[in-house]
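Note: the block below is run.tsv and it holds TSV, C-alpha atoms.
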```tsv
chain	number	residue	atom	x	y	z
A	142	MET	CA	2.04	27.01	-12.31
A	143	SER	CA	4.91	26.07	-10.10
A	144	ASP	CA	2.95	26.88	-7.02
A	145	GLU	CA	2.92	24.05	-4.52
A	146	SER	CA	-0.83	24.04	-4.60
A	147	ASP	CA	-0.56	22.31	-7.98
A	148	TYR	CA	0.67	19.23	-6.19
A	149	SER	CA	-1.65	16.91	-4.42
A	150	GLN	CA	-1.47	13.47	-2.94
A	151	ASP	CA	-4.13	10.89	-3.37
A	152	ASP	CA	-3.96	9.99	0.29
A	153	GLY	CA	-5.39	13.41	0.87
A	154	ALA	CA	-8.41	12.61	-1.22
A	155	PRO	CA	-11.56	11.36	0.42
A	156	PHE	CA	-11.96	7.62	0.43
A	157	GLY	CA	-14.34	5.19	1.98
A	158	GLY	CA	-17.51	6.38	0.34
A	159	ALA	CA	-17.20	10.14	0.35
A	160	THR	CA	-17.64	11.80	-3.00
A	161	PRO	CA	-14.54	13.48	-4.41
A	162	SER	CA	-15.12	17.13	-5.15
A	163	ARG	CA	-13.34	17.04	-8.53
A	164	ARG	CA	-16.20	15.63	-10.58
A	165	HIS	CA	-15.39	15.71	-14.25
A	166	LEU	CA	-15.94	13.88	-17.50
A	167	LEU	CA	-14.00	10.64	-17.53
A	168	MET	CA	-12.77	9.15	-20.82
A	169	LEU	CA	-12.32	5.44	-20.16
A	170	GLY	CA	-11.56	4.43	-23.73
A	171	ALA	CA	-8.13	5.95	-24.10
A	172	ALA	CA	-6.64	5.31	-27.53
A	173	ALA	CA	-3.20	4.47	-26.18
A	174	SER	CA	-1.85	3.06	-22.96
A	175	THR	CA	-2.42	5.34	-20.01
A	176	VAL	CA	0.43	3.96	-17.90
A	177	VAL	CA	4.17	4.31	-18.43
A	178	THR	CA	6.35	2.72	-15.80
A	179	ILE	CA	9.78	3.95	-14.81
A	180	ARG	CA	11.63	1.00	-13.41
A	181	PRO	CA	14.44	1.30	-10.91
A	182	ALA	CA	17.87	0.46	-12.23
A	183	LEU	CA	17.88	-2.82	-10.38
A	184	ALA	CA	15.11	-3.99	-12.67
A	185	GLN	CA	17.51	-3.93	-15.60
A	186	THR	CA	19.23	-7.06	-14.35
A	187	ALA	CA	16.93	-9.09	-16.55
A	188	GLY	CA	19.35	-11.98	-16.94
A	189	SER	CA	18.99	-13.06	-13.35
A	190	VAL	CA	15.34	-12.20	-12.89
A	191	MET	CA	13.96	-15.61	-13.65
A	192	ASN	CA	16.35	-17.39	-11.30
A	193	CYS	CA	16.20	-15.03	-8.35
A	194	GLN	CA	14.29	-16.26	-5.34
A	195	ILE	CA	11.53	-14.88	-3.17
A	196	PRO	CA	11.14	-16.56	0.23
A	197	VAL	CA	7.65	-16.57	1.77
A	198	PRO	CA	7.84	-15.22	4.34
A	199	ASP	CA	11.09	-13.34	4.85
A	200	PRO	CA	13.43	-15.71	6.78
A	201	ARG	CA	13.50	-13.16	9.57
A	202	LYS	CA	9.77	-13.78	9.98
A	203	ALA	CA	10.04	-17.55	9.57
A	204	GLY	CA	7.23	-19.56	11.09
A	205	ASN	CA	4.53	-16.96	10.58
A	206	TYR	CA	1.48	-17.89	8.56
A	207	ILE	CA	0.27	-15.90	5.59
A	208	ALA	CA	-3.28	-14.54	5.64
A	209	ALA	CA	-5.38	-14.39	2.49
A	210	ASP	CA	-4.55	-10.71	2.04
A	211	GLY	CA	-0.82	-11.40	2.33
A	212	GLN	CA	-0.34	-10.14	5.88
A	213	LEU	CA	1.82	-12.22	8.19
A	214	VAL	CA	-0.10	-13.63	11.13
A	215	SER	CA	0.62	-15.93	14.05
A	216	PRO	CA	1.08	-19.63	13.28
A	217	GLY	CA	-2.20	-21.51	13.33
A	218	THR	CA	-4.36	-18.47	12.63
A	219	PRO	CA	-7.65	-19.72	11.13
A	220	GLY	CA	-7.91	-19.03	7.43
A	221	ALA	CA	-4.19	-18.34	7.09
A	222	PHE	CA	-1.72	-20.55	5.30
A	223	ALA	CA	1.45	-22.20	6.50
A	224	PRO	CA	4.58	-21.03	4.67
A	225	PRO	CA	5.43	-22.94	1.49
A	226	ARG	CA	8.20	-25.50	1.73
A	227	ARG	CA	10.62	-23.55	-0.43
A	228	ALA	CA	11.22	-20.12	-1.84
A	229	PHE	CA	9.66	-19.35	-5.21
A	230	THR	CA	11.72	-18.39	-8.23
A	231	GLY	CA	11.19	-15.18	-10.12
A	232	GLU	CA	9.76	-17.08	-13.04
A	233	GLU	CA	7.24	-18.87	-10.85
A	234	VAL	CA	6.15	-15.61	-9.27
A	235	LYS	CA	5.89	-13.88	-12.60
A	236	THR	CA	3.57	-16.62	-13.84
A	237	ALA	CA	1.48	-16.33	-10.68
A	238	LEU	CA	1.24	-12.56	-11.00
A	239	ARG	CA	-0.29	-13.09	-14.42
A	240	GLY	CA	-3.04	-15.26	-13.04
A	241	GLY	CA	-1.24	-18.58	-12.67
A	242	THR	CA	-0.75	-20.67	-9.55
A	243	LEU	CA	2.50	-21.03	-7.63
A	244	PRO	CA	3.92	-24.57	-7.78
A	245	GLY	CA	2.99	-26.84	-4.90
A	246	THR	CA	0.06	-24.64	-3.91
A	247	ASP	CA	-3.65	-24.49	-4.60
A	248	PRO	CA	-5.23	-21.37	-6.11
A	249	VAL	CA	-6.34	-20.00	-2.74
A	250	SER	CA	-3.01	-20.33	-0.93
A	251	SER	CA	-1.20	-19.23	-4.08
A	252	ARG	CA	-3.20	-16.01	-3.99
A	253	ALA	CA	-2.28	-15.47	-0.34
A	254	TYR	CA	1.41	-16.02	-1.08
A	255	THR	CA	1.20	-13.74	-4.10
A	256	ASN	CA	-0.47	-11.05	-2.00
A	257	TYR	CA	2.39	-11.33	0.47
A	258	ILE	CA	4.90	-10.90	-2.32
A	259	ARG	CA	3.06	-7.79	-3.57
A	260	ARG	CA	3.52	-6.26	-0.15
A	261	LEU	CA	7.29	-6.71	-0.12
A	262	GLN	CA	9.13	-3.51	0.56
A	263	SER	CA	12.71	-2.43	0.20
A	264	GLY	CA	14.93	-4.22	2.68
A	265	MET	CA	12.80	-7.32	2.85
A	266	SER	CA	14.14	-10.56	1.46
A	267	GLY	CA	12.91	-11.06	-2.09
A	268	PHE	CA	12.07	-7.42	-2.73
A	269	THR	CA	14.75	-6.89	-5.33
A	270	CYS	CA	13.62	-9.99	-7.18
A	271	TYR	CA	9.98	-8.91	-7.03
A	272	ALA	CA	10.73	-5.37	-8.17
A	273	SER	CA	12.65	-6.78	-11.11
A	274	LEU	CA	9.63	-8.78	-12.18
A	275	GLN	CA	7.30	-5.84	-12.40
A	276	MET	CA	7.62	-5.04	-16.02
A	277	PRO	CA	4.95	-3.98	-18.44
A	278	ARG	CA	3.31	-6.71	-20.43
A	279	GLY	CA	5.45	-8.28	-23.10
B	23	MET	CA	-22.97	-9.63	-11.02
B	24	ALA	CA	-19.39	-10.53	-10.21
B	25	GLU	CA	-18.73	-12.38	-13.47
B	26	GLY	CA	-15.41	-10.86	-14.37
B	27	PRO	CA	-12.20	-10.77	-12.37
B	28	VAL	CA	-12.19	-8.88	-9.10
B	29	TYR	CA	-9.48	-6.24	-8.86
B	30	ALA	CA	-7.72	-4.75	-5.88
B	31	ALA	CA	-5.15	-2.05	-5.31
B	32	ASP	CA	-2.96	-1.05	-2.42
B	33	PRO	CA	-4.48	1.48	-0.04
B	34	PRO	CA	-3.87	5.11	-1.02
B	35	ASP	CA	-1.27	5.66	1.69
B	36	LEU	CA	1.07	3.28	-0.14
B	37	ARG	CA	1.14	5.58	-3.16
B	38	ARG	CA	2.27	9.13	-3.69
B	39	LEU	CA	0.40	10.97	-6.40
B	40	VAL	CA	1.63	14.20	-7.92
B	41	VAL	CA	-0.62	15.84	-10.47
B	42	LEU	CA	1.38	17.40	-13.29
B	43	ASP	CA	-1.12	19.27	-15.39
B	44	ALA	CA	-2.66	16.68	-17.72
B	45	LEU	CA	-0.61	13.75	-16.44
B	46	SER	CA	0.03	12.40	-12.98
B	47	VAL	CA	3.05	10.70	-11.50
B	48	ILE	CA	2.51	7.89	-9.03
B	49	PHE	CA	5.24	6.54	-6.80
B	50	HIS	CA	4.24	3.07	-5.65
B	51	CYS	CA	5.94	2.60	-2.28
B	52	PRO	CA	5.77	-1.23	-2.09
B	53	SER	CA	7.51	-1.75	-5.42
B	54	GLY	CA	9.63	1.41	-5.46
B	55	GLN	CA	8.46	2.09	-8.99
B	56	THR	CA	7.27	5.31	-10.52
B	57	HIS	CA	4.45	5.42	-13.04
B	58	ILE	CA	3.42	8.24	-15.32
B	59	VAL	CA	-0.30	7.91	-15.80
B	60	ASP	CA	-3.08	9.63	-17.64
B	61	SER	CA	-6.71	9.86	-16.67
B	62	PRO	CA	-8.57	7.66	-15.82
B	63	ALA	CA	-5.81	5.75	-13.99
B	64	PRO	CA	-5.80	7.93	-10.81
B	65	GLU	CA	-9.58	7.85	-10.67
B	66	ILE	CA	-9.61	4.05	-11.01
B	67	LEU	CA	-7.05	3.67	-8.23
B	68	ALA	CA	-9.11	6.00	-6.06
B	69	ALA	CA	-12.21	3.92	-6.76
B	70	LEU	CA	-10.34	0.74	-5.79
B	71	GLY	CA	-9.27	2.50	-2.61
B	72	GLU	CA	-12.75	1.71	-1.33
B	73	GLY	CA	-11.99	-2.00	-1.63
B	74	PRO	CA	-11.77	-4.76	-4.25
B	75	ALA	CA	-14.36	-4.79	-7.02
B	76	ASP	CA	-14.97	-6.21	-10.47
B	77	ALA	CA	-15.11	-3.95	-13.52
B	78	ALA	CA	-18.83	-3.34	-13.05
B	79	GLY	CA	-18.29	-2.39	-9.43
B	80	VAL	CA	-15.44	-0.04	-10.25
B	81	LEU	CA	-17.56	1.51	-13.00
B	82	ALA	CA	-20.40	2.10	-10.56
B	83	ARG	CA	-18.04	3.95	-8.22
B	84	LEU	CA	-16.61	6.01	-11.07
B	85	ALA	CA	-20.08	6.85	-12.39
B	86	ARG	CA	-21.08	7.98	-8.92
B	87	ASP	CA	-18.22	10.46	-8.78
B	88	HIS	CA	-17.75	11.39	-12.43
B	89	ASP	CA	-19.53	11.70	-15.74
B	90	ILE	CA	-18.64	8.73	-17.93
B	91	HIS	CA	-18.06	9.32	-21.62
B	92	GLU	CA	-18.45	5.85	-23.11
B	93	GLY	CA	-22.01	4.83	-22.32
B	94	SER	CA	-22.65	1.15	-23.00
B	95	GLU	CA	-19.02	0.48	-23.88
B	96	ALA	CA	-17.74	1.88	-20.61
B	97	GLU	CA	-17.27	-1.45	-18.87
B	98	ALA	CA	-15.19	-2.94	-21.69
B	99	ALA	CA	-13.06	0.22	-21.85
B	100	LEU	CA	-12.60	0.16	-18.10
B	101	ALA	CA	-11.56	-3.50	-18.17
B	102	ALA	CA	-8.78	-2.58	-20.59
B	103	ARG	CA	-7.59	0.20	-18.27
B	104	LEU	CA	-7.66	-2.19	-15.31
B	105	GLU	CA	-5.52	-4.67	-17.23
B	106	GLU	CA	-3.00	-1.93	-17.96
B	107	LEU	CA	-2.82	-1.06	-14.29
B	108	ALA	CA	-2.42	-4.75	-13.48
B	109	ALA	CA	0.44	-5.05	-15.97
B	110	ALA	CA	2.12	-2.11	-14.22
B	111	GLY	CA	1.72	-3.75	-10.82
B	112	LEU	CA	-0.63	-1.11	-9.43
B	113	VAL	CA	-3.66	-3.38	-9.53
B	114	TRP	CA	-4.05	-7.12	-9.20
B	115	TRP	CA	-6.66	-9.83	-9.29
B	116	VAL	CA	-8.02	-11.21	-6.06
```

Would it be possible to restate this file's structure as structure tokens?
Amino acid sequence: MSDESDYSQDDGAPFGGATPSRRHLLMLGAAASTVVTIRPALAQTAGSVMNCQIPVPDPRKAGNYIAADGQLVSPGTPGAFAPPRRAFTGEEVKTALRGGTLPGTDPVSSRAYTNYIRRLQSGMSGFTCYASLQMPRG
Amino acid sequence: MAEGPVYAADPPDLRRLVVLDALSVIFHCPSGQTHIVDSPAPEILAALGEGPADAAGVLARLARDHDIHEGSEAEAALAARLEELAAAGLVWWV
């Protein structure tokens, strides 16, 4: 059972329309939650979560526009949005992640900014704040 | 058909999935978080790997690749699973 063949990665699975070979009966109506999240230790700093800030974009990428899918693109790119005037707070982002709209934005640009925030990775400004926000419902 | 929310997930290469017997462990690279998940979460994420879709669209992809247990209640059950994945940060609304 400890053989390495027991391990698989989903990026090795066929995507883009191919049919996975592991066809089986799927139970969608699980009785209990099917997801348990292990948060990194930095997420335990709950006291500061709501006041931490997430700049859009990272100051090192200042001036870039934000495309609808959250990617940074050249200023003036059609369909992309200029950066917001200020960084968003953790509380504002948390509200937006739950379906709300970021302050000072319309729903469409808010979604673009939110998509950018979802793409934050370790080392980027605002990542720690974003990671701290990702807590299960409640 | 697209009456409900449309869901999206990161592409598969931003996750690492390790199957541990009945459960799976997913490391989500963008957030640095690890999730222990049960079926049908990996299958749903794989279905969303083809692109954003509403619950009906995700169900159609799942039904194409798997046998679905719930029949007429499948879409409502799937919507609940999608909301769980959204709460965990693995899925979001677009």

Self-check item: Non-local contacts of segment 253-265 of chain A (8 Å; all atoms listed in the file; under 6 positions in same chain excluded) as a list in words
Solution: Ile195, Val197, Pro198, Asp199, Ile207, Ala208, Ala209, Asp210, Gly211, Gln212, Leu213, Phe222, Val234, Ala237, Leu238 and Tyr271 of chain A; Cys51, Pro52, Ser53 and Gly54 of chain B

Practice problem: Tell me, as JSON, numbers by chain, which residues lie within 7 Å of Glu106 of chain B, counting all atoms listed in the file; anything in the same chain fewer than 4 positions away does not count. | Solution: {"A": [176], "B": [102, 110]}

Kindly assemble as a Markdown table a list of the chain B residues that lie within 9 Å of chain A, each paired with its nearest atom pair and their distance in Å to one decimal, using all atoms listed in the file, sorted first by chain and then by ascending residue number.
```
| residue | atom | partner | partner_atom | distance |
| --- | --- | --- | --- | --- |
| B:Asp32 | CA | A:Arg260 | CA | 8.6 |
| B:Pro33 | CA | A:Asp152 | CA | 8.5 |
| B:Pro34 | CA | A:Asp152 | CA | 5.1 |
| B:Asp35 | CA | A:Asp152 | CA | 5.3 |
| B:Leu36 | CA | A:Asp152 | CA | 8.4 |
| B:Arg37 | CA | A:Asp151 | CA | 7.5 |
| B:Arg38 | CA | A:Gln150 | CA | 5.8 |
| B:Leu39 | CA | A:Gln150 | CA | 4.7 |
| B:Val40 | CA | A:Tyr148 | CA | 5.4 |
| B:Val41 | CA | A:Tyr148 | CA | 5.6 |
| B:Leu42 | CA | A:Tyr148 | CA | 7.4 |
| B:Asp43 | CA | A:Asp147 | CA | 8.0 |
| B:Cys51 | CA | A:Gln262 | CA | 7.5 |
| B:Pro52 | CA | A:Gln262 | CA | 4.8 |
| B:Ser53 | CA | A:Ala272 | CA | 5.6 |
| B:Gly54 | CA | A:Pro181 | CA | 7.3 |
| B:Gln55 | CA | A:Arg180 | CA | 5.5 |
| B:Thr56 | CA | A:Ile179 | CA | 5.2 |
| B:His57 | CA | A:Thr178 | CA | 4.3 |
| B:Ile58 | CA | A:Val177 | CA | 5.1 |
| B:Val59 | CA | A:Val176 | CA | 4.5 |
| B:Asp60 | CA | A:Thr175 | CA | 4.9 |
| B:Ser61 | CA | A:Thr175 | CA | 7.1 |
| B:Pro62 | CA | A:Leu169 | CA | 6.2 |
| B:Ala63 | CA | A:Thr175 | CA | 6.9 |
| B:Pro64 | CA | A:Asp151 | CA | 8.2 |
| B:Glu65 | CA | A:Leu167 | CA | 8.6 |
| B:Ala68 | CA | A:Phe156 | CA | 7.3 |
| B:Ala69 | CA | A:Phe156 | CA | 8.1 |
| B:Gly71 | CA | A:Phe156 | CA | 6.5 |
| B:Glu72 | CA | A:Gly157 | CA | 5.1 |
| B:Gly73 | CA | A:Gly157 | CA | 8.4 |
| B:Arg83 | CA | A:Gly158 | CA | 8.9 |
| B:Leu84 | CA | A:Leu167 | CA | 8.4 |
| B:Ala85 | CA | A:Leu167 | CA | 8.8 |
| B:Arg86 | CA | A:Thr160 | CA | 7.8 |
| B:Asp87 | CA | A:Arg164 | CA | 5.8 |
| B:His88 | CA | A:Arg164 | CA | 4.9 |
| B:Asp89 | CA | A:Leu166 | CA | 4.6 |
| B:Ile90 | CA | A:Leu167 | CA | 5.0 |
| B:His91 | CA | A:Met168 | CA | 5.4 |
| B:Glu92 | CA | A:Leu169 | CA | 6.8 |
| B:Glu95 | CA | A:Gly170 | CA | 8.4 |
| B:Ala96 | CA | A:Leu169 | CA | 6.5 |
| B:Glu97 | CA | A:Leu169 | CA | 8.6 |
| B:Ala98 | CA | A:Gly170 | CA | 8.5 |
| B:Ala99 | CA | A:Gly170 | CA | 4.8 |
| B:Leu100 | CA | A:Leu169 | CA | 5.7 |
| B:Ala102 | CA | A:Gly170 | CA | 8.2 |
| B:Arg103 | CA | A:Leu169 | CA | 7.3 |
| B:Glu106 | CA | A:Val176 | CA | 6.8 |
| B:Leu107 | CA | A:Val176 | CA | 7.0 |
| B:Ala108 | CA | A:Arg239 | CA | 8.7 |
| B:Ala109 | CA | A:Pro277 | CA | 5.3 |
| B:Ala110 | CA | A:Pro277 | CA | 5.4 |
| B:Gly111 | CA | A:Gln275 | CA | 6.2 |
| B:Trp114 | CA | A:Leu238 | CA | 7.8 |
| B:Trp115 | CA | A:Gly240 | CA | 7.5 |
| B:Val116 | CA | A:Arg252 | CA | 7.1 |
```

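Comparing B:Ser94, B:Ser46, B:Ala77, B:Leu67 by their smallest distance to Gly26 of chain B, the closest is B:Ala77 (using all atoms listed in the file).
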
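Atom CA of Ala75 of chain B sits 5.1 Å away from atom CA of Val28 of chain B.
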
Quiz item: Rounded to one decimal in Å, what is the spacing between atom CA of Leu104 of chain B and atom CA of Tyr29 of chain B?
Solution: 7.8 Å

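Here atom CA of Leu112 of chain B is placed at a distance of 15.3 Å from atom CA of Asp76 of chain B.
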
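For the residues A:Pro225, A:Gly231, A:Pro216, A:Gly267, ranking by smallest atom-to-atom distance to Thr246 of chain A using all atoms listed in the file places A:Pro225 first.
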
Assuming the input is short of atoms at segment 65-95 of chain B, produce N, CA and C atoms for that part as a short mmCIF file (atom, residue, chain, number, x, y, z; two decimals), keeping the file's coordinate frame.
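Written file, out.cif:
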```
data_model
loop_
_atom_site.label_atom_id
_atom_site.label_comp_id
_atom_site.auth_asym_id
_atom_site.auth_seq_id
_atom_site.Cartn_x
_atom_site.Cartn_y
_atom_site.Cartn_z
N GLU B 65 -8.19 8.00 -11.12
CA GLU B 65 -9.58 7.85 -10.67
C GLU B 65 -9.91 6.38 -10.39
N ILE B 66 -9.37 5.48 -11.23
CA ILE B 66 -9.61 4.05 -11.01
C ILE B 66 -8.96 3.61 -9.71
N LEU B 67 -7.74 4.04 -9.48
CA LEU B 67 -7.05 3.67 -8.23
C LEU B 67 -7.81 4.22 -7.02
N ALA B 68 -8.33 5.43 -7.15
CA ALA B 68 -9.11 6.00 -6.06
C ALA B 68 -10.37 5.17 -5.81
N ALA B 69 -11.00 4.73 -6.91
CA ALA B 69 -12.21 3.92 -6.76
C ALA B 69 -11.88 2.59 -6.07
N LEU B 70 -10.73 2.00 -6.43
CA LEU B 70 -10.34 0.74 -5.79
C LEU B 70 -9.87 0.96 -4.35
N GLY B 71 -9.62 2.20 -4.00
CA GLY B 71 -9.27 2.50 -2.61
C GLY B 71 -10.39 2.20 -1.65
N GLU B 72 -11.60 2.06 -2.17
CA GLU B 72 -12.75 1.71 -1.33
C GLU B 72 -12.82 0.21 -1.09
N GLY B 73 -11.99 -0.55 -1.80
CA GLY B 73 -11.99 -2.00 -1.63
C GLY B 73 -12.05 -2.70 -2.98
N PRO B 74 -11.77 -4.01 -2.99
CA PRO B 74 -11.77 -4.76 -4.25
C PRO B 74 -13.14 -4.72 -4.93
N ALA B 75 -13.11 -4.78 -6.25
CA ALA B 75 -14.36 -4.79 -7.02
C ALA B 75 -14.07 -5.32 -8.41
N ASP B 76 -15.13 -5.84 -9.06
CA ASP B 76 -14.97 -6.21 -10.47
C ASP B 76 -15.18 -4.95 -11.32
N ALA B 77 -15.05 -5.13 -12.64
CA ALA B 77 -15.11 -3.95 -13.52
C ALA B 77 -16.44 -3.22 -13.35
N ALA B 78 -17.52 -3.98 -13.21
CA ALA B 78 -18.83 -3.34 -13.05
C ALA B 78 -18.89 -2.53 -11.76
N GLY B 79 -18.29 -3.09 -10.72
CA GLY B 79 -18.29 -2.39 -9.43
C GLY B 79 -17.45 -1.12 -9.47
N VAL B 80 -16.29 -1.23 -10.13
CA VAL B 80 -15.44 -0.04 -10.25
C VAL B 80 -16.16 1.02 -11.08
N LEU B 81 -16.83 0.56 -12.15
CA LEU B 81 -17.56 1.51 -13.00
C LEU B 81 -18.66 2.22 -12.22
N ALA B 82 -19.33 1.48 -11.36
CA ALA B 82 -20.40 2.10 -10.56
C ALA B 82 -19.82 3.20 -9.66
N ARG B 83 -18.66 2.94 -9.08
CA ARG B 83 -18.04 3.95 -8.22
C ARG B 83 -17.61 5.17 -9.04
N LEU B 84 -17.05 4.90 -10.23
CA LEU B 84 -16.61 6.01 -11.07
C LEU B 84 -17.81 6.84 -11.53
N ALA B 85 -18.89 6.14 -11.90
CA ALA B 85 -20.08 6.85 -12.39
C ALA B 85 -20.72 7.67 -11.28
N ARG B 86 -20.54 7.23 -10.06
CA ARG B 86 -21.08 7.98 -8.92
C ARG B 86 -20.35 9.31 -8.75
N ASP B 87 -19.05 9.28 -9.06
CA ASP B 87 -18.22 10.46 -8.78
C ASP B 87 -17.90 11.29 -10.03
N HIS B 88 -18.13 10.69 -11.20
CA HIS B 88 -17.75 11.39 -12.43
C HIS B 88 -18.81 11.16 -13.50
N ASP B 89 -18.73 11.95 -14.55
CA ASP B 89 -19.53 11.70 -15.74
C ASP B 89 -18.72 10.78 -16.65
N ILE B 90 -19.34 9.71 -17.11
CA ILE B 90 -18.64 8.73 -17.93
C ILE B 90 -18.96 8.97 -19.40
N HIS B 91 -17.92 8.95 -20.22
CA HIS B 91 -18.06 9.32 -21.62
C HIS B 91 -18.61 8.18 -22.48
N GLU B 92 -18.26 6.93 -22.14
CA GLU B 92 -18.45 5.85 -23.11
C GLU B 92 -19.83 5.21 -23.19
N GLY B 93 -20.69 5.45 -22.28
CA GLY B 93 -22.01 4.83 -22.32
C GLY B 93 -21.93 3.33 -22.18
N SER B 94 -22.54 2.60 -23.13
CA SER B 94 -22.65 1.15 -23.00
C SER B 94 -21.30 0.44 -23.13
N GLU B 95 -20.32 1.11 -23.70
CA GLU B 95 -19.02 0.48 -23.88
C GLU B 95 -18.06 0.79 -22.72
#
```
